[in-house]
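Note sheet for the following structure.
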Amino acid sequence: MTTKKIQKFIAERRPTPYLVVDLDVVADNYRKLASAVPQAGIYYAVKANPAPEILSLLAKMGASFDTASVAEIDMALAAGVDGGRISFGNTIKKASDIAAAHARGVKLYAFDSEAELDKLAKAAPGAKVFCRILTSGEGADWPLSRKFGCEVEMARDLLIAAAKRGVLPHGVSFHVGSQMKDTNAWDAAVAQAAWIFRECEAAGVQLSMLNIGGGFPTRYRKDIPAMQSYGEAIHASLARHFGNRIPSEIIVEPGRQMVGNAGVIDTEVVLVS
């Protein structure tokens, strides 16, 4: 998006290439998401753009952070949040990195396998853990179904097992795929998550958090649905599948939705042959 502020910056003709970002657009994107899903905590995916200026802005606006490495955790801490506002969302982590995150006060960790649960129990005792389930990714520009997540039956068993490992089974997460333009894409995964909540409760394990991931698109060349349309569809899914027992904590993890349309890359084409 080329805003007036960006146009002014480009007019100064600084050496190329460079990326210029309008923080006002980032702030507006945050407010739109917060309005669309008011019941959710916003955990910005640091990997989308880890510029200190962006992280500091979002921290001041109340955002938490989804991180995939100790380096990203340190960036979030430097932006002014404490470990209680950071999620270590990578499901495959070194034991040493888990220990480092735990030492920094990070309390929330993702997993999708028994081996990862074992590492969390040893390196982050007492931590809150959530299990990521598979989704089809149908309708997304970049499906993630082959990268992370486990089947729902396995997630149930892992969360029940977590209760006996010295960590707190906190909830379920999923990601419908990046740049998802189908506002109803969250419904099937919400239904699966609700099943896991009921199954765990029957086994004496009470879950309290649902992480509905990211996937919210940004506008490049084609129009996308309004953010409010996503919020309405997600709220309807939560009510449909959880009834009056919607989890007390809902998390969203925006990435490109927050920053994708906020910047412009200016570069020089040397040759077209």
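Ligands are numbered from 1 in the order shown, chains are lettered A, B, ... in the order of the structure tokens, and residues start at 1 in each chain.
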Env of Ser56 (chain A): 9 Å cut, atoms = only C-alpha atoms, seq-sep filter 3 positions within chain, self excluded. Answer as a PyMOL selection string. chain A and resi 51-53+59-61+76+78-81
Using DSSP on the backbone coordinates, identify all residues within region 8-235 of chain A classified as strand (DSSP E); present the result as a PyMOL selection string. chain A and resi 18-21+40-45+64-67+86-88+108-111+128-132+140-142+168-173+178-180+209-211
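Of the listed residues A:Lys122, A:Arg245, A:Arg85, A:Lys93, the one whose atoms come nearest to Val106 (chain A) is A:Arg85, with distances taken using only C-alpha atoms.
Of the residues under consideration (A:Lys222, A:Arg132, A:Lys164, A:Arg240), A:Arg132 shows the shortest atom-to-atom contact distance to Val176 (chain A) when counting only C-alpha atoms.
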Using only C-alpha atoms, the residue out of A:Val25, A:Ala189, A:Val167, A:Met209 with shortest distance to Glu151 (chain A) is A:Ala189
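Atom pair CA of Ser229 (chain A) / CA of Tyr43 (chain A) has a distance of 19.9 Å (rounded to one decimal).
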When you look at Thr67 (chain A) with a cut-off of 12 Å (counting only C-alpha atoms), what residues show up, excluding the ones that are within fewer than 5 positions of it in the same chain? I need them as a PyMOL selection string. chain A and resi 43-50+55+72-77+83+85-91+93+97-98+101+106+108-110+253-255
Write the residues you've just listed into a file as a tab-separated table (two decimals), in the first residue's frame, and include N, CA, C and O atoms for each of them.
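Dumped everything to again.tsv:
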chain	number	residue	atom	x	y	z
A	43	TYR	N	-1.95	-12.46	19.27
A	43	TYR	CA	-0.54	-12.84	19.36
A	43	TYR	C	0.08	-12.66	17.97
A	43	TYR	O	-0.06	-13.53	17.11
A	44	TYR	N	0.73	-11.54	17.76
A	44	TYR	CA	1.33	-11.25	16.46
A	44	TYR	C	2.46	-12.23	16.17
A	44	TYR	O	3.35	-12.47	17.01
A	45	ALA	N	2.46	-12.81	14.96
A	45	ALA	CA	3.50	-13.74	14.54
A	45	ALA	C	4.75	-12.96	14.16
A	45	ALA	O	4.80	-12.34	13.09
A	46	VAL	N	5.74	-12.98	15.02
A	46	VAL	CA	6.93	-12.14	14.85
A	46	VAL	C	7.61	-12.38	13.51
A	46	VAL	O	8.15	-11.46	12.90
A	47	LYS	N	7.57	-13.62	13.02
A	47	LYS	CA	8.26	-13.95	11.77
A	47	LYS	C	7.74	-13.15	10.58
A	47	LYS	O	8.44	-12.98	9.58
A	48	ALA	N	6.50	-12.64	10.66
A	48	ALA	CA	5.93	-11.91	9.53
A	48	ALA	C	6.72	-10.64	9.22
A	48	ALA	O	6.92	-10.30	8.06
A	49	ASN	N	7.14	-9.94	10.25
A	49	ASN	CA	8.04	-8.80	10.13
A	49	ASN	C	8.51	-8.45	11.55
A	49	ASN	O	7.74	-7.91	12.34
A	50	PRO	N	9.78	-8.75	11.86
A	50	PRO	CA	10.28	-8.54	13.22
A	50	PRO	C	10.91	-7.17	13.46
A	50	PRO	O	11.65	-7.02	14.44
A	55	LEU	N	7.19	-4.20	16.40
A	55	LEU	CA	6.97	-4.94	17.65
A	55	LEU	C	6.66	-3.97	18.80
A	55	LEU	O	5.76	-4.24	19.61
A	72	GLU	N	13.50	-14.69	18.41
A	72	GLU	CA	12.25	-13.95	18.32
A	72	GLU	C	11.70	-13.64	19.71
A	72	GLU	O	11.10	-12.57	19.93
A	73	ILE	N	11.88	-14.55	20.66
A	73	ILE	CA	11.48	-14.28	22.04
A	73	ILE	C	12.21	-13.05	22.57
A	73	ILE	O	11.61	-12.16	23.18
A	74	ASP	N	13.51	-12.98	22.31
A	74	ASP	CA	14.29	-11.83	22.77
A	74	ASP	C	13.83	-10.55	22.11
A	74	ASP	O	13.84	-9.47	22.74
A	75	MET	N	13.42	-10.63	20.83
A	75	MET	CA	12.89	-9.44	20.16
A	75	MET	C	11.61	-8.97	20.84
A	75	MET	O	11.39	-7.76	21.02
A	76	ALA	N	10.74	-9.92	21.18
A	76	ALA	CA	9.48	-9.56	21.84
A	76	ALA	C	9.74	-8.95	23.22
A	76	ALA	O	9.11	-7.96	23.60
A	77	LEU	N	10.68	-9.53	23.96
A	77	LEU	CA	11.02	-8.99	25.27
A	77	LEU	C	11.58	-7.57	25.14
A	77	LEU	O	11.25	-6.68	25.93
A	83	GLY	N	7.41	-12.39	29.63
A	83	GLY	CA	7.23	-13.75	29.11
A	83	GLY	C	5.80	-14.23	29.13
A	83	GLY	O	5.44	-15.13	28.36
A	85	ARG	N	3.34	-12.77	27.95
A	85	ARG	CA	2.66	-12.34	26.72
A	85	ARG	C	3.35	-12.91	25.48
A	85	ARG	O	3.23	-12.38	24.39
A	86	ILE	N	4.05	-14.03	25.68
A	86	ILE	CA	4.77	-14.67	24.57
A	86	ILE	C	4.39	-16.15	24.49
A	86	ILE	O	4.35	-16.83	25.51
A	87	SER	N	4.12	-16.61	23.29
A	87	SER	CA	3.87	-18.02	23.03
A	87	SER	C	5.02	-18.57	22.20
A	87	SER	O	5.43	-17.95	21.22
A	88	PHE	N	5.54	-19.73	22.59
A	88	PHE	CA	6.56	-20.41	21.79
A	88	PHE	C	5.80	-21.37	20.89
A	88	PHE	O	5.58	-22.52	21.23
A	89	GLY	N	5.39	-20.89	19.72
A	89	GLY	CA	4.43	-21.59	18.89
A	89	GLY	C	5.00	-22.62	17.93
A	89	GLY	O	4.24	-23.29	17.23
A	90	ASN	N	6.31	-22.72	17.84
A	90	ASN	CA	6.93	-23.74	16.99
A	90	ASN	C	6.75	-25.10	17.66
A	90	ASN	O	7.10	-25.28	18.84
A	91	THR	N	6.24	-26.09	16.94
A	91	THR	CA	6.00	-27.40	17.56
A	91	THR	C	7.24	-28.28	17.61
A	91	THR	O	7.21	-29.35	18.20
A	93	LYS	N	11.11	-27.95	18.75
A	93	LYS	CA	12.05	-27.06	19.41
A	93	LYS	C	13.20	-27.87	20.03
A	93	LYS	O	12.99	-29.00	20.48
A	97	ASP	N	16.51	-24.75	23.75
A	97	ASP	CA	15.72	-23.54	23.46
A	97	ASP	C	14.50	-23.47	24.37
A	97	ASP	O	14.09	-22.38	24.80
A	98	ILE	N	13.89	-24.61	24.65
A	98	ILE	CA	12.75	-24.63	25.58
A	98	ILE	C	13.21	-24.15	26.96
A	98	ILE	O	12.55	-23.32	27.59
A	101	ALA	N	13.77	-20.42	26.87
A	101	ALA	CA	12.50	-19.69	26.89
A	101	ALA	C	11.89	-19.72	28.29
A	101	ALA	O	11.38	-18.70	28.79
A	106	VAL	N	8.73	-17.40	29.64
A	106	VAL	CA	7.70	-17.83	28.69
A	106	VAL	C	6.94	-19.00	29.30
A	106	VAL	O	7.54	-19.98	29.76
A	108	LEU	N	3.87	-20.40	27.72
A	108	LEU	CA	2.94	-21.04	26.79
A	108	LEU	C	3.70	-21.68	25.64
A	108	LEU	O	4.46	-20.99	24.94
A	109	TYR	N	3.46	-22.99	25.40
A	109	TYR	CA	4.25	-23.75	24.42
A	109	TYR	C	3.35	-24.66	23.58
A	109	TYR	O	2.43	-25.30	24.10
A	110	ALA	N	3.67	-24.73	22.28
A	110	ALA	CA	2.96	-25.62	21.37
A	110	ALA	C	3.68	-26.96	21.26
A	110	ALA	O	4.91	-27.04	21.41
A	253	GLU	N	-3.45	-15.51	15.80
A	253	GLU	CA	-2.04	-15.28	15.50
A	253	GLU	C	-1.86	-14.65	14.13
A	253	GLU	O	-1.43	-15.30	13.17
A	254	PRO	N	-2.19	-13.37	13.98
A	254	PRO	CA	-2.05	-12.72	12.67
A	254	PRO	C	-0.59	-12.52	12.29
A	254	PRO	O	0.26	-12.29	13.14
A	255	GLY	N	-0.34	-12.61	11.00
A	255	GLY	CA	0.99	-12.32	10.47
A	255	GLY	C	0.88	-11.30	9.38
A	255	GLY	O	0.91	-10.09	9.62
